[in-house]
>>> print(open('final.tsv').read())   # TSV, N, CA and C atoms and all ligand atoms
chain	number	residue	atom	x	y	z
A	26	ASP	N	-7.65	6.14	12.15
A	26	ASP	CA	-6.54	5.40	11.55
A	26	ASP	C	-5.37	5.27	12.50
A	27	HIS	N	-4.79	4.09	12.58
A	27	HIS	CA	-3.62	3.87	13.42
A	27	HIS	C	-2.32	4.18	12.68
A	28	ALA	N	-2.29	3.90	11.38
A	28	ALA	CA	-1.06	4.06	10.60
A	28	ALA	C	-1.24	5.15	9.55
A	29	GLU	N	-0.24	6.03	9.48
A	29	GLU	CA	-0.30	7.13	8.52
A	29	GLU	C	1.03	7.19	7.78
A	30	LEU	N	0.95	7.33	6.47
A	30	LEU	CA	2.16	7.47	5.67
A	30	LEU	C	2.60	8.93	5.74
A	31	LEU	N	3.73	9.20	6.41
A	31	LEU	CA	4.18	10.58	6.59
A	31	LEU	C	5.03	11.03	5.41
A	32	ALA	N	5.83	10.12	4.84
A	32	ALA	CA	6.69	10.47	3.72
A	32	ALA	C	6.95	9.23	2.90
A	33	CYS	N	7.12	9.43	1.60
A	33	CYS	CA	7.32	8.29	0.72
A	33	CYS	C	8.00	8.74	-0.56
A	34	ASN	N	9.14	8.14	-0.87
A	34	ASN	CA	9.79	8.37	-2.16
A	34	ASN	C	9.85	7.05	-2.90
A	35	VAL	N	9.33	7.03	-4.12
A	35	VAL	CA	9.41	5.84	-4.96
A	35	VAL	C	10.15	6.25	-6.22
A	36	SER	N	11.19	5.48	-6.57
A	36	SER	CA	11.99	5.83	-7.72
A	36	SER	C	12.10	4.64	-8.67
A	37	SER	N	11.82	4.88	-9.93
A	37	SER	CA	11.87	3.82	-10.93
A	37	SER	C	12.71	4.25	-12.11
A	38	SER	N	13.50	3.36	-12.63
A	38	SER	CA	14.29	3.60	-13.84
A	38	SER	C	14.22	2.36	-14.70
A	39	LEU	N	14.38	2.53	-16.00
A	39	LEU	CA	14.50	1.37	-16.88
A	39	LEU	C	15.88	0.76	-16.67
A	40	GLY	N	15.93	-0.55	-16.50
A	40	GLY	CA	17.21	-1.22	-16.38
A	40	GLY	C	17.77	-1.28	-14.98
A	41	LEU	N	17.02	-0.75	-13.99
A	41	LEU	CA	17.45	-0.82	-12.58
A	41	LEU	C	16.25	-1.22	-11.75
A	42	GLU	N	16.48	-1.81	-10.59
A	42	GLU	CA	15.39	-2.10	-9.67
A	42	GLU	C	14.77	-0.79	-9.18
A	43	SER	N	13.48	-0.81	-8.89
A	43	SER	CA	12.84	0.35	-8.26
A	43	SER	C	13.18	0.36	-6.78
A	44	THR	N	13.17	1.55	-6.19
A	44	THR	CA	13.46	1.66	-4.75
A	44	THR	C	12.40	2.53	-4.08
A	45	ALA	N	12.21	2.31	-2.80
A	45	ALA	CA	11.25	3.11	-2.03
A	45	ALA	C	11.82	3.40	-0.65
A	46	SER	N	11.61	4.62	-0.18
A	46	SER	CA	11.93	5.01	1.20
A	46	SER	C	10.65	5.52	1.81
A	47	ILE	N	10.31	5.02	2.99
A	47	ILE	CA	9.03	5.42	3.58
A	47	ILE	C	9.19	5.78	5.06
A	48	LYS	N	8.31	6.65	5.49
A	48	LYS	CA	8.21	6.99	6.92
A	48	LYS	C	6.75	6.87	7.32
A	49	ILE	N	6.48	6.03	8.31
A	49	ILE	CA	5.10	5.75	8.72
A	49	ILE	C	4.95	6.05	10.20
A	50	CYS	N	3.83	6.62	10.57
A	50	CYS	CA	3.52	6.85	11.97
A	50	CYS	C	2.50	5.79	12.39
A	51	VAL	N	2.90	4.92	13.33
A	51	VAL	CA	1.98	3.89	13.84
A	51	VAL	C	1.76	4.14	15.32
A	52	ASP	N	0.54	4.45	15.70
A	52	ASP	CA	0.18	4.72	17.09
A	52	ASP	C	1.17	5.70	17.74
A	53	GLY	N	1.54	6.74	16.99
A	53	GLY	CA	2.41	7.78	17.54
A	53	GLY	C	3.89	7.54	17.36
A	54	ASP	N	4.30	6.32	16.95
A	54	ASP	CA	5.73	6.06	16.72
A	54	ASP	C	6.07	6.25	15.25
A	55	GLN	N	7.17	6.94	14.98
A	55	GLN	CA	7.61	7.11	13.60
A	55	GLN	C	8.60	6.02	13.23
A	56	LEU	N	8.30	5.30	12.15
A	56	LEU	CA	9.14	4.19	11.69
A	56	LEU	C	9.55	4.45	10.26
A	57	THR	N	10.83	4.21	9.93
A	57	THR	CA	11.28	4.39	8.55
A	57	THR	C	11.82	3.07	8.02
A	58	ALA	N	11.77	2.91	6.71
A	58	ALA	CA	12.30	1.71	6.07
A	58	ALA	C	12.57	2.01	4.60
A	59	THR	N	13.44	1.20	4.01
A	59	THR	CA	13.67	1.28	2.57
A	59	THR	C	13.45	-0.10	1.98
A	60	GLY	N	13.18	-0.14	0.69
A	60	GLY	CA	13.00	-1.41	0.02
A	60	GLY	C	13.31	-1.26	-1.45
A	61	SER	N	13.57	-2.37	-2.11
A	61	SER	CA	13.72	-2.34	-3.55
A	61	SER	C	12.90	-3.48	-4.12
A	62	GLY	N	12.65	-3.42	-5.42
A	62	GLY	CA	11.83	-4.49	-5.98
A	62	GLY	C	11.61	-4.34	-7.45
A	63	ASN	N	10.75	-5.22	-7.93
A	63	ASN	CA	10.44	-5.33	-9.35
A	63	ASN	C	9.23	-4.45	-9.66
A	64	GLY	N	9.47	-3.15	-9.73
A	64	GLY	CA	8.39	-2.18	-9.90
A	64	GLY	C	8.24	-1.35	-8.63
A	65	GLY	N	7.69	-0.15	-8.79
A	65	GLY	CA	7.59	0.78	-7.68
A	65	GLY	C	6.73	0.28	-6.54
A	66	PHE	N	5.63	-0.38	-6.87
A	66	PHE	CA	4.75	-0.85	-5.82
A	66	PHE	C	5.39	-2.00	-5.06
A	67	ASP	N	6.12	-2.85	-5.79
A	67	ASP	CA	6.84	-3.95	-5.14
A	67	ASP	C	7.89	-3.39	-4.17
A	68	ALA	N	8.59	-2.34	-4.59
A	68	ALA	CA	9.60	-1.71	-3.72
A	68	ALA	C	8.94	-1.16	-2.46
A	69	PHE	N	7.78	-0.47	-2.62
A	69	PHE	CA	7.05	0.05	-1.47
A	69	PHE	C	6.62	-1.07	-0.54
A	70	THR	N	6.08	-2.15	-1.14
A	70	THR	CA	5.60	-3.28	-0.34
A	70	THR	C	6.75	-3.91	0.45
A	71	ASN	N	7.92	-4.02	-0.18
A	71	ASN	CA	9.08	-4.59	0.52
A	71	ASN	C	9.53	-3.69	1.68
A	72	ALA	N	9.47	-2.37	1.48
A	72	ALA	CA	9.79	-1.45	2.58
A	72	ALA	C	8.77	-1.61	3.71
A	73	LEU	N	7.50	-1.68	3.33
A	73	LEU	CA	6.44	-1.78	4.33
A	73	LEU	C	6.53	-3.09	5.11
A	74	SER	N	6.90	-4.19	4.43
A	74	SER	CA	6.93	-5.46	5.18
A	74	SER	C	8.02	-5.43	6.24
A	75	GLY	N	9.10	-4.65	6.02
A	75	GLY	CA	10.11	-4.50	7.07
A	75	GLY	C	9.50	-3.88	8.33
A	76	ILE	N	8.68	-2.85	8.13
A	76	ILE	CA	8.04	-2.16	9.26
A	76	ILE	C	7.02	-3.08	9.94
A	77	VAL	N	6.24	-3.76	9.10
A	77	VAL	CA	5.17	-4.62	9.62
A	77	VAL	C	5.76	-5.76	10.45
A	78	LYS	N	6.91	-6.29	9.99
A	78	LYS	CA	7.59	-7.36	10.74
A	78	LYS	C	7.99	-6.85	12.13
A	79	ARG	N	8.53	-5.61	12.19
A	79	ARG	CA	8.92	-5.03	13.48
A	79	ARG	C	7.72	-4.91	14.41
A	80	LEU	N	6.51	-4.77	13.83
A	80	LEU	CA	5.30	-4.65	14.65
A	80	LEU	C	4.74	-6.03	15.02
A	81	GLY	N	5.40	-7.11	14.53
A	81	GLY	CA	4.94	-8.45	14.83
A	81	GLY	C	3.69	-8.85	14.05
A	82	LEU	N	3.48	-8.20	12.89
A	82	LEU	CA	2.30	-8.52	12.07
A	82	LEU	C	2.74	-9.13	10.75
A	83	LYS	N	1.78	-9.75	10.05
A	83	LYS	CA	2.03	-10.26	8.70
A	83	LYS	C	1.05	-9.61	7.75
A	84	LEU	N	1.54	-9.18	6.59
A	84	LEU	CA	0.65	-8.57	5.61
A	84	LEU	C	-0.16	-9.65	4.88
A	85	PRO	N	-1.42	-9.34	4.53
A	85	PRO	CA	-2.20	-10.26	3.70
A	85	PRO	C	-1.52	-10.47	2.34
A	86	THR	N	-1.94	-11.51	1.64
A	86	THR	CA	-1.43	-11.79	0.30
A	86	THR	C	-2.22	-10.99	-0.72
A	87	LEU	N	-1.51	-10.38	-1.67
A	87	LEU	CA	-2.19	-9.68	-2.77
A	87	LEU	C	-2.71	-10.73	-3.74
A	88	ILE	N	-4.02	-10.69	-4.04
A	88	ILE	CA	-4.55	-11.66	-4.99
A	88	ILE	C	-5.01	-11.03	-6.29
A	89	ASP	N	-5.30	-9.73	-6.30
A	89	ASP	CA	-5.58	-9.07	-7.58
A	89	ASP	C	-5.31	-7.58	-7.43
A	90	TYR	N	-5.09	-6.93	-8.56
A	90	TYR	CA	-4.65	-5.52	-8.56
A	90	TYR	C	-5.18	-4.89	-9.84
A	91	GLU	N	-6.06	-3.90	-9.71
A	91	GLU	CA	-6.66	-3.27	-10.88
A	91	GLU	C	-6.47	-1.76	-10.80
A	92	VAL	N	-6.10	-1.19	-11.93
A	92	VAL	CA	-5.95	0.28	-12.02
A	92	VAL	C	-6.85	0.77	-13.14
A	93	ARG	N	-7.63	1.82	-12.86
A	93	ARG	CA	-8.45	2.38	-13.93
A	93	ARG	C	-8.60	3.89	-13.76
A	94	ILE	N	-9.07	4.51	-14.83
A	94	ILE	CA	-9.38	5.94	-14.78
A	94	ILE	C	-10.84	6.11	-15.20
A	95	PRO	N	-11.46	7.23	-14.84
A	95	PRO	CA	-12.85	7.45	-15.27
A	95	PRO	C	-12.94	7.47	-16.80
A	96	LYS	N	-14.10	7.05	-17.32
A	96	LYS	CA	-14.32	7.10	-18.79
A	96	LYS	C	-14.08	8.51	-19.29
A	97	GLY	N	-13.40	8.62	-20.42
A	97	GLY	CA	-13.17	9.94	-20.99
A	97	GLY	C	-12.04	10.68	-20.29
A	98	GLY	N	-11.39	9.98	-19.33
A	98	GLY	CA	-10.29	10.63	-18.62
A	98	GLY	C	-9.10	10.83	-19.55
A	99	ARG	N	-8.19	11.67	-19.14
A	99	ARG	CA	-7.01	11.94	-19.95
A	99	ARG	C	-5.77	11.59	-19.14
A	100	THR	N	-4.61	11.99	-19.63
A	100	THR	CA	-3.38	11.61	-18.92
A	100	THR	C	-3.28	12.31	-17.56
A	101	ASP	N	-4.06	13.38	-17.36
A	101	ASP	CA	-4.04	14.03	-16.04
A	101	ASP	C	-5.15	13.52	-15.12
A	102	ALA	N	-5.82	12.43	-15.53
A	102	ALA	CA	-6.95	11.90	-14.75
A	102	ALA	C	-6.46	11.35	-13.40
A	103	LEU	N	-7.38	11.30	-12.44
A	103	LEU	CA	-7.12	10.57	-11.20
A	103	LEU	C	-7.16	9.08	-11.52
A	104	THR	N	-6.28	8.30	-10.92
A	104	THR	CA	-6.32	6.85	-11.08
A	104	THR	C	-6.96	6.25	-9.84
A	105	GLU	N	-7.70	5.17	-10.07
A	105	GLU	CA	-8.29	4.43	-8.96
A	105	GLU	C	-7.65	3.05	-8.98
A	106	CYS	N	-7.09	2.66	-7.86
A	106	CYS	CA	-6.49	1.34	-7.76
A	106	CYS	C	-7.28	0.51	-6.75
A	107	THR	N	-7.72	-0.65	-7.16
A	107	THR	CA	-8.45	-1.57	-6.28
A	107	THR	C	-7.60	-2.82	-6.11
A	108	ILE	N	-7.28	-3.14	-4.88
A	108	ILE	CA	-6.46	-4.32	-4.60
A	108	ILE	C	-7.29	-5.33	-3.81
A	109	SER	N	-7.24	-6.59	-4.23
A	109	SER	CA	-7.89	-7.68	-3.50
A	109	SER	C	-6.83	-8.39	-2.67
A	110	TRP	N	-7.17	-8.67	-1.43
A	110	TRP	CA	-6.24	-9.28	-0.46
A	110	TRP	C	-6.85	-10.55	0.11
A	111	SER	N	-5.99	-11.43	0.54
A	111	SER	CA	-6.44	-12.62	1.27
A	111	SER	C	-5.64	-12.71	2.57
A	112	ASP	N	-6.37	-12.77	3.68
A	112	ASP	CA	-5.76	-12.78	5.00
A	112	ASP	C	-6.32	-13.96	5.77
A	113	ASN	N	-5.59	-15.08	5.85
A	113	ASN	CA	-6.08	-16.31	6.51
A	113	ASN	C	-7.47	-16.69	6.03
A	114	GLY	N	-7.65	-16.75	4.73
A	114	GLY	CA	-8.94	-17.16	4.19
A	114	GLY	C	-9.96	-16.03	4.08
A	115	ARG	N	-9.70	-14.91	4.75
A	115	ARG	CA	-10.61	-13.77	4.65
A	115	ARG	C	-10.19	-12.93	3.43
A	116	GLU	N	-11.11	-12.77	2.47
A	116	GLU	CA	-10.80	-11.96	1.30
A	116	GLU	C	-11.49	-10.60	1.41
A	117	PHE	N	-10.77	-9.56	1.05
A	117	PHE	CA	-11.35	-8.22	1.07
A	117	PHE	C	-10.63	-7.35	0.06
A	118	LYS	N	-11.24	-6.19	-0.27
A	118	LYS	CA	-10.66	-5.27	-1.24
A	118	LYS	C	-10.47	-3.91	-0.59
A	119	THR	N	-9.43	-3.20	-1.00
A	119	THR	CA	-9.29	-1.80	-0.61
A	119	THR	C	-9.00	-0.99	-1.87
A	120	ARG	N	-9.23	0.33	-1.75
A	120	ARG	CA	-9.20	1.21	-2.90
A	120	ARG	C	-8.37	2.44	-2.57
A	121	GLY	N	-7.66	2.94	-3.54
A	121	GLY	CA	-6.95	4.21	-3.36
A	121	GLY	C	-7.10	5.05	-4.61
A	122	VAL	N	-7.13	6.36	-4.43
A	122	VAL	CA	-7.28	7.28	-5.56
A	122	VAL	C	-6.16	8.31	-5.49
A	123	HIS	N	-5.47	8.50	-6.60
A	123	HIS	CA	-4.41	9.51	-6.67
A	123	HIS	C	-4.09	9.77	-8.14
A	124	ALA	N	-3.60	10.93	-8.48
A	124	ALA	CA	-3.21	11.22	-9.86
A	124	ALA	C	-2.07	10.31	-10.32
A	125	ASN	N	-1.21	9.92	-9.39
A	125	ASN	CA	-0.10	9.02	-9.69
A	125	ASN	C	-0.54	7.59	-9.38
A	126	GLN	N	-0.44	6.70	-10.37
A	126	GLN	CA	-1.00	5.35	-10.18
A	126	GLN	C	-0.30	4.55	-9.08
A	127	VAL	N	1.00	4.78	-8.89
A	127	VAL	CA	1.68	4.05	-7.81
A	127	VAL	C	1.16	4.53	-6.45
A	128	PHE	N	0.93	5.85	-6.32
A	128	PHE	CA	0.41	6.36	-5.05
A	128	PHE	C	-1.04	5.95	-4.82
A	129	ALA	N	-1.79	5.71	-5.89
A	129	ALA	CA	-3.15	5.17	-5.72
A	129	ALA	C	-3.05	3.77	-5.10
A	130	ALA	N	-2.12	2.95	-5.58
A	130	ALA	CA	-1.92	1.61	-5.03
A	130	ALA	C	-1.43	1.69	-3.59
A	131	ILE	N	-0.56	2.65	-3.31
A	131	ILE	CA	-0.03	2.82	-1.96
A	131	ILE	C	-1.16	3.24	-1.01
A	132	GLY	N	-2.07	4.10	-1.49
A	132	GLY	CA	-3.23	4.50	-0.69
A	132	GLY	C	-4.09	3.28	-0.36
A	133	ALA	N	-4.32	2.42	-1.34
A	133	ALA	CA	-5.11	1.19	-1.11
A	133	ALA	C	-4.39	0.31	-0.08
A	134	THR	N	-3.08	0.28	-0.14
A	134	THR	CA	-2.30	-0.56	0.78
A	134	THR	C	-2.34	-0.02	2.21
A	135	MET	N	-2.32	1.31	2.35
A	135	MET	CA	-2.43	1.90	3.69
A	135	MET	C	-3.81	1.62	4.31
A	136	ARG	N	-4.85	1.58	3.46
A	136	ARG	CA	-6.19	1.21	3.98
A	136	ARG	C	-6.16	-0.23	4.49
A	137	MET	N	-5.52	-1.11	3.70
A	137	MET	CA	-5.39	-2.51	4.12
A	137	MET	C	-4.66	-2.59	5.45
A	138	LEU	N	-3.54	-1.83	5.58
A	138	LEU	CA	-2.75	-1.89	6.82
A	138	LEU	C	-3.59	-1.46	8.02
A	139	ASN	N	-4.41	-0.43	7.83
A	139	ASN	CA	-5.25	0.03	8.94
A	139	ASN	C	-6.32	-0.99	9.33
A	140	LEU	N	-6.84	-1.72	8.33
A	140	LEU	CA	-7.79	-2.79	8.66
A	140	LEU	C	-7.09	-3.89	9.44
A	141	VAL	N	-5.89	-4.28	8.99
A	141	VAL	CA	-5.14	-5.35	9.67
A	141	VAL	C	-4.81	-4.93	11.11
A	142	LEU	N	-4.41	-3.68	11.29
A	142	LEU	CA	-4.11	-3.19	12.65
A	142	LEU	C	-5.37	-3.22	13.51
A	143	HIS	N	-6.49	-2.81	12.93
A	143	HIS	CA	-7.76	-2.80	13.64
A	143	HIS	C	-8.15	-4.22	14.07
A	144	TRP	N	-8.02	-5.18	13.13
A	144	TRP	CA	-8.39	-6.56	13.43
A	144	TRP	C	-7.46	-7.16	14.49
A	145	SER	N	-6.17	-6.77	14.45
A	145	SER	CA	-5.21	-7.36	15.40
A	145	SER	C	-5.42	-6.81	16.81
A	146	HIS	N	-6.14	-5.70	16.94
A	146	HIS	CA	-6.41	-5.12	18.26
A	146	HIS	C	-7.74	-5.60	18.84
A	147	GLN	N	-8.45	-6.48	18.07
A	147	GLN	CA	-9.76	-6.94	18.56
A	147	GLN	C	-9.63	-8.14	19.49
B	201	LIG	N1	5.33	-5.14	-10.19
B	201	LIG	C1	4.43	-4.03	-10.35
B	201	LIG	C2	4.86	-2.90	-9.44
B	201	LIG	O1	5.62	-3.11	-8.51
B	201	LIG	C3	2.97	-4.45	-10.07
B	201	LIG	C4	2.66	-4.70	-8.62
B	201	LIG	C5	2.62	-5.71	-10.87
B	201	LIG	C6	1.23	-5.11	-8.29
B	201	LIG	O2	4.46	-1.77	-9.64
>>> encode(input="final.tsv", output="C-alpha cells")
Amino acid sequence: DHAELLACNVSSSLGLESTASIKICVDGDQLTATGSGNGGFDAFTNALSGIVKRLGLKLPTLIDYEVRIPKGGRTDALTECTISWSDNGREFKTRGVHANQVFAAIGATMRMLNLVLHWSHQ
C-alpha cells in the first residue's frame, strides 16, 4: 500500500455540518487536511480531496454506497461498506469492514485511493 490513514477524527452533530481531520502517509510523506460536509463520510471525502489535489490526482466518482451487517447481527456487529466507483469509464468496487459504519466506508475509500495510486504509477 502506498497510502495509509495514520489518524482520523470524524465529528457529527445534529444541526451542524460534520467535520473531519485526517493524517495520511503517502509514499513516506505525512499529509494532513480538514474538511466539512453533509455527513461524516462527506466531510472525510472533502478532507481527502484536498490531499489528493496536492498529489495531482483526481478521485473517482462515487456511484453507489451500501452498508450492511451479517444476518442476525446486533448493534455491536461489524459493518461492511461496499462502494462502487467510476474512474474515466472504469467501474470498480471496494469494501471496508469496521464496527463503526463511517470507518467502514473510510476503509473502502482508502482501498480505492491505493488502487488509484497504483494505476497512476503504471
Ligand atoms: N452523506 C452521507 C455521509 O456523508 C452519505 C455519504 C450519503 C455516502 O455520511
>>> residues_around(input="final.tsv", residues="Asn71 (chain A)", least_positions_apart="5", cutoff="6.5 Å", atoms="all atoms listed in the file", output="ChimeraX atom specification")
/A:59-61,66
>>> residues_near_ligand(input="final.tsv", ligand="ligand LIG 201 (chain B)", cutoff="6 Å", atoms="only C-alpha atoms and all ligand atoms", output="ChimeraX atom specification")
/A:63-67,90
>>> residues_around(input="final.tsv", residues="region 35-51 of chain A", least_positions_apart="4", cutoff="12 Å", atoms="only C-alpha atoms", output="mmCIF file with N, CA and C atoms, in the coordinates of the input")
data_model
loop_
_atom_site.group_PDB
_atom_site.id
_atom_site.type_symbol
_atom_site.label_atom_id
_atom_site.label_comp_id
_atom_site.auth_asym_id
_atom_site.auth_seq_id
_atom_site.Cartn_x
_atom_site.Cartn_y
_atom_site.Cartn_z
ATOM 1 N N ASP A 26 -7.650 6.140 12.150
ATOM 2 C CA ASP A 26 -6.540 5.400 11.550
ATOM 3 C C ASP A 26 -5.370 5.270 12.500
ATOM 4 N N HIS A 27 -4.790 4.090 12.580
ATOM 5 C CA HIS A 27 -3.620 3.870 13.420
ATOM 6 C C HIS A 27 -2.320 4.180 12.680
ATOM 7 N N ALA A 28 -2.290 3.900 11.380
ATOM 8 C CA ALA A 28 -1.060 4.060 10.600
ATOM 9 C C ALA A 28 -1.240 5.150 9.550
ATOM 10 N N GLU A 29 -0.240 6.030 9.480
ATOM 11 C CA GLU A 29 -0.300 7.130 8.520
ATOM 12 C C GLU A 29 1.030 7.190 7.780
ATOM 13 N N LEU A 30 0.950 7.330 6.470
ATOM 14 C CA LEU A 30 2.160 7.470 5.670
ATOM 15 C C LEU A 30 2.600 8.930 5.740
ATOM 16 N N LEU A 31 3.730 9.200 6.410
ATOM 17 C CA LEU A 31 4.180 10.580 6.590
ATOM 18 C C LEU A 31 5.030 11.030 5.410
ATOM 19 N N GLN A 55 7.170 6.940 14.980
ATOM 20 C CA GLN A 55 7.610 7.110 13.600
ATOM 21 C C GLN A 55 8.600 6.020 13.230
ATOM 22 N N LEU A 56 8.300 5.300 12.150
ATOM 23 C CA LEU A 56 9.140 4.190 11.690
ATOM 24 C C LEU A 56 9.550 4.450 10.260
ATOM 25 N N THR A 57 10.830 4.210 9.930
ATOM 26 C CA THR A 57 11.280 4.390 8.550
ATOM 27 C C THR A 57 11.820 3.070 8.020
ATOM 28 N N ALA A 58 11.770 2.910 6.710
ATOM 29 C CA ALA A 58 12.300 1.710 6.070
ATOM 30 C C ALA A 58 12.570 2.010 4.600
ATOM 31 N N THR A 59 13.440 1.200 4.010
ATOM 32 C CA THR A 59 13.670 1.280 2.570
ATOM 33 C C THR A 59 13.450 -0.100 1.980
ATOM 34 N N GLY A 60 13.180 -0.140 0.690
ATOM 35 C CA GLY A 60 13.000 -1.410 0.020
ATOM 36 C C GLY A 60 13.310 -1.260 -1.450
ATOM 37 N N SER A 61 13.570 -2.370 -2.110
ATOM 38 C CA SER A 61 13.720 -2.340 -3.550
ATOM 39 C C SER A 61 12.900 -3.480 -4.120
ATOM 40 N N GLY A 62 12.650 -3.420 -5.420
ATOM 41 C CA GLY A 62 11.830 -4.490 -5.980
ATOM 42 C C GLY A 62 11.610 -4.340 -7.450
ATOM 43 N N ASN A 63 10.750 -5.220 -7.930
ATOM 44 C CA ASN A 63 10.440 -5.330 -9.350
ATOM 45 C C ASN A 63 9.230 -4.450 -9.660
ATOM 46 N N GLY A 64 9.470 -3.150 -9.730
ATOM 47 C CA GLY A 64 8.390 -2.180 -9.900
ATOM 48 C C GLY A 64 8.240 -1.350 -8.630
ATOM 49 N N GLY A 65 7.690 -0.150 -8.790
ATOM 50 C CA GLY A 65 7.590 0.780 -7.680
ATOM 51 C C GLY A 65 6.730 0.280 -6.540
ATOM 52 N N PHE A 66 5.630 -0.380 -6.870
ATOM 53 C CA PHE A 66 4.750 -0.850 -5.820
ATOM 54 C C PHE A 66 5.390 -2.000 -5.060
ATOM 55 N N ASP A 67 6.120 -2.850 -5.790
ATOM 56 C CA ASP A 67 6.840 -3.950 -5.140
ATOM 57 C C ASP A 67 7.890 -3.390 -4.170
ATOM 58 N N ALA A 68 8.590 -2.340 -4.590
ATOM 59 C CA ALA A 68 9.600 -1.710 -3.720
ATOM 60 C C ALA A 68 8.940 -1.160 -2.460
ATOM 61 N N PHE A 69 7.780 -0.470 -2.620
ATOM 62 C CA PHE A 69 7.050 0.050 -1.470
ATOM 63 C C PHE A 69 6.620 -1.070 -0.540
ATOM 64 N N THR A 70 6.080 -2.150 -1.140
ATOM 65 C CA THR A 70 5.600 -3.280 -0.340
ATOM 66 C C THR A 70 6.750 -3.910 0.450
ATOM 67 N N ASN A 71 7.920 -4.020 -0.180
ATOM 68 C CA ASN A 71 9.080 -4.590 0.520
ATOM 69 C C ASN A 71 9.530 -3.690 1.680
ATOM 70 N N ALA A 72 9.470 -2.370 1.480
ATOM 71 C CA ALA A 72 9.790 -1.450 2.580
ATOM 72 C C ALA A 72 8.770 -1.610 3.710
ATOM 73 N N LEU A 73 7.500 -1.680 3.330
ATOM 74 C CA LEU A 73 6.440 -1.780 4.330
ATOM 75 C C LEU A 73 6.530 -3.090 5.110
ATOM 76 N N SER A 74 6.900 -4.190 4.430
ATOM 77 C CA SER A 74 6.930 -5.460 5.180
ATOM 78 C C SER A 74 8.020 -5.430 6.240
ATOM 79 N N GLY A 75 9.100 -4.650 6.020
ATOM 80 C CA GLY A 75 10.110 -4.500 7.070
ATOM 81 C C GLY A 75 9.500 -3.880 8.330
ATOM 82 N N ILE A 76 8.680 -2.850 8.130
ATOM 83 C CA ILE A 76 8.040 -2.160 9.260
ATOM 84 C C ILE A 76 7.020 -3.080 9.940
ATOM 85 N N VAL A 77 6.240 -3.760 9.100
ATOM 86 C CA VAL A 77 5.170 -4.620 9.620
ATOM 87 C C VAL A 77 5.760 -5.760 10.450
ATOM 88 N N ARG A 79 8.530 -5.610 12.190
ATOM 89 C CA ARG A 79 8.920 -5.030 13.480
ATOM 90 C C ARG A 79 7.720 -4.910 14.410
ATOM 91 N N LEU A 80 6.510 -4.770 13.830
ATOM 92 C CA LEU A 80 5.300 -4.650 14.650
ATOM 93 C C LEU A 80 4.740 -6.030 15.020
ATOM 94 N N ASN A 125 -1.210 9.920 -9.390
ATOM 95 C CA ASN A 125 -0.100 9.020 -9.690
ATOM 96 C C ASN A 125 -0.540 7.590 -9.380
ATOM 97 N N GLN A 126 -0.440 6.700 -10.370
ATOM 98 C CA GLN A 126 -1.000 5.350 -10.180
ATOM 99 C C GLN A 126 -0.300 4.550 -9.080
ATOM 100 N N VAL A 127 1.000 4.780 -8.890
ATOM 101 C CA VAL A 127 1.680 4.050 -7.810
ATOM 102 C C VAL A 127 1.160 4.530 -6.450
ATOM 103 N N PHE A 128 0.930 5.850 -6.320
ATOM 104 C CA PHE A 128 0.410 6.360 -5.050
ATOM 105 C C PHE A 128 -1.040 5.950 -4.820
ATOM 106 N N ILE A 131 -0.560 2.650 -3.310
ATOM 107 C CA ILE A 131 -0.030 2.820 -1.960
ATOM 108 C C ILE A 131 -1.160 3.240 -1.010
ATOM 109 N N MET A 135 -2.320 1.310 2.350
ATOM 110 C CA MET A 135 -2.430 1.900 3.690
ATOM 111 C C MET A 135 -3.810 1.620 4.310
ATOM 112 N N LEU A 138 -3.540 -1.830 5.580
ATOM 113 C CA LEU A 138 -2.750 -1.890 6.820
ATOM 114 C C LEU A 138 -3.590 -1.460 8.020
ATOM 115 N N ASN A 139 -4.410 -0.430 7.830
ATOM 116 C CA ASN A 139 -5.250 0.030 8.940
ATOM 117 C C ASN A 139 -6.320 -0.990 9.330
ATOM 118 N N LEU A 142 -4.410 -3.680 11.290
ATOM 119 C CA LEU A 142 -4.110 -3.190 12.650
ATOM 120 C C LEU A 142 -5.370 -3.220 13.510
ATOM 121 N N HIS A 143 -6.490 -2.810 12.930
ATOM 122 C CA HIS A 143 -7.760 -2.800 13.640
ATOM 123 C C HIS A 143 -8.150 -4.220 14.070
#
>>> residues_around(input="final.tsv", residues="Ala124 (chain A)", least_positions_apart="4", cutoff="7 Å", atoms="only C-alpha atoms", output="list in words")
Asp101, Ala102, Leu103 and Thr104 of chain A
>>> closest_residue(input="final.tsv", among="A:Ile108, A:Gln147, A:Ala32, A:Phe117", to="Ala133 (chain A)", atoms="all atoms listed in the file")
A:Ile108
>>> residues_around(input="final.tsv", residues="Gly121 (chain A)", least_positions_apart="6", cutoff="6 Å", atoms="all atoms listed in the file", output="list in words")
Thr104, Glu105, Cys106, Thr107, Ala129, Ala130, Gly132 and Ala133 of chain A
>>> write_last_selection(input="final.tsv", atoms="N, CA and C atoms", output="compact mmCIF listing (two decimals), in the frame of the given file")
# COMPACT_ATOMS: atom_id res chain seq x y z
N THR A 104 -6.28 8.30 -10.92
CA THR A 104 -6.32 6.85 -11.08
C THR A 104 -6.96 6.25 -9.84
N GLU A 105 -7.70 5.17 -10.07
CA GLU A 105 -8.29 4.43 -8.96
C GLU A 105 -7.65 3.05 -8.98
N CYS A 106 -7.09 2.66 -7.86
CA CYS A 106 -6.49 1.34 -7.76
C CYS A 106 -7.28 0.51 -6.75
N THR A 107 -7.72 -0.65 -7.16
CA THR A 107 -8.45 -1.57 -6.28
C THR A 107 -7.60 -2.82 -6.11
N ALA A 129 -1.79 5.71 -5.89
CA ALA A 129 -3.15 5.17 -5.72
C ALA A 129 -3.05 3.77 -5.10
N ALA A 130 -2.12 2.95 -5.58
CA ALA A 130 -1.92 1.61 -5.03
C ALA A 130 -1.43 1.69 -3.59
N GLY A 132 -2.07 4.10 -1.49
CA GLY A 132 -3.23 4.50 -0.69
C GLY A 132 -4.09 3.28 -0.36
N ALA A 133 -4.32 2.42 -1.34
CA ALA A 133 -5.11 1.19 -1.11
C ALA A 133 -4.39 0.31 -0.08
>>> atom_distance(input="final.tsv", atom1="CA of Ile94 (chain A)", atom2="atom N of Arg115 (chain A)")
28.6 Å
>>> atom_distance(input="final.tsv", atom1="atom C of Leu82 (chain A)", atom2="atom C of Val122 (chain A)")
25.4 Å
>>> select_by_dssp(input="final.tsv", residues="chain A", states="strand (DSSP E or B)", output="ChimeraX atom specification")
/A:28-36,43-51,54-62,86-93,104-112,115-123
>>> decode(input="final.tsv", residues="region 117-121 of chain A", atoms="C-alpha atoms", output="short mmCIF file (atom, residue, chain, number, x, y, z; two decimals), in the first residue's frame")
data_model
loop_
_atom_site.label_atom_id
_atom_site.label_comp_id
_atom_site.auth_asym_id
_atom_site.auth_seq_id
_atom_site.Cartn_x
_atom_site.Cartn_y
_atom_site.Cartn_z
CA PHE A 117 -14.94 -0.93 -9.72
CA LYS A 118 -15.94 -1.64 -6.12
CA THR A 119 -14.02 -1.53 -2.85
CA ARG A 120 -15.01 -2.81 0.56
CA GLY A 121 -14.25 -1.86 4.14
#
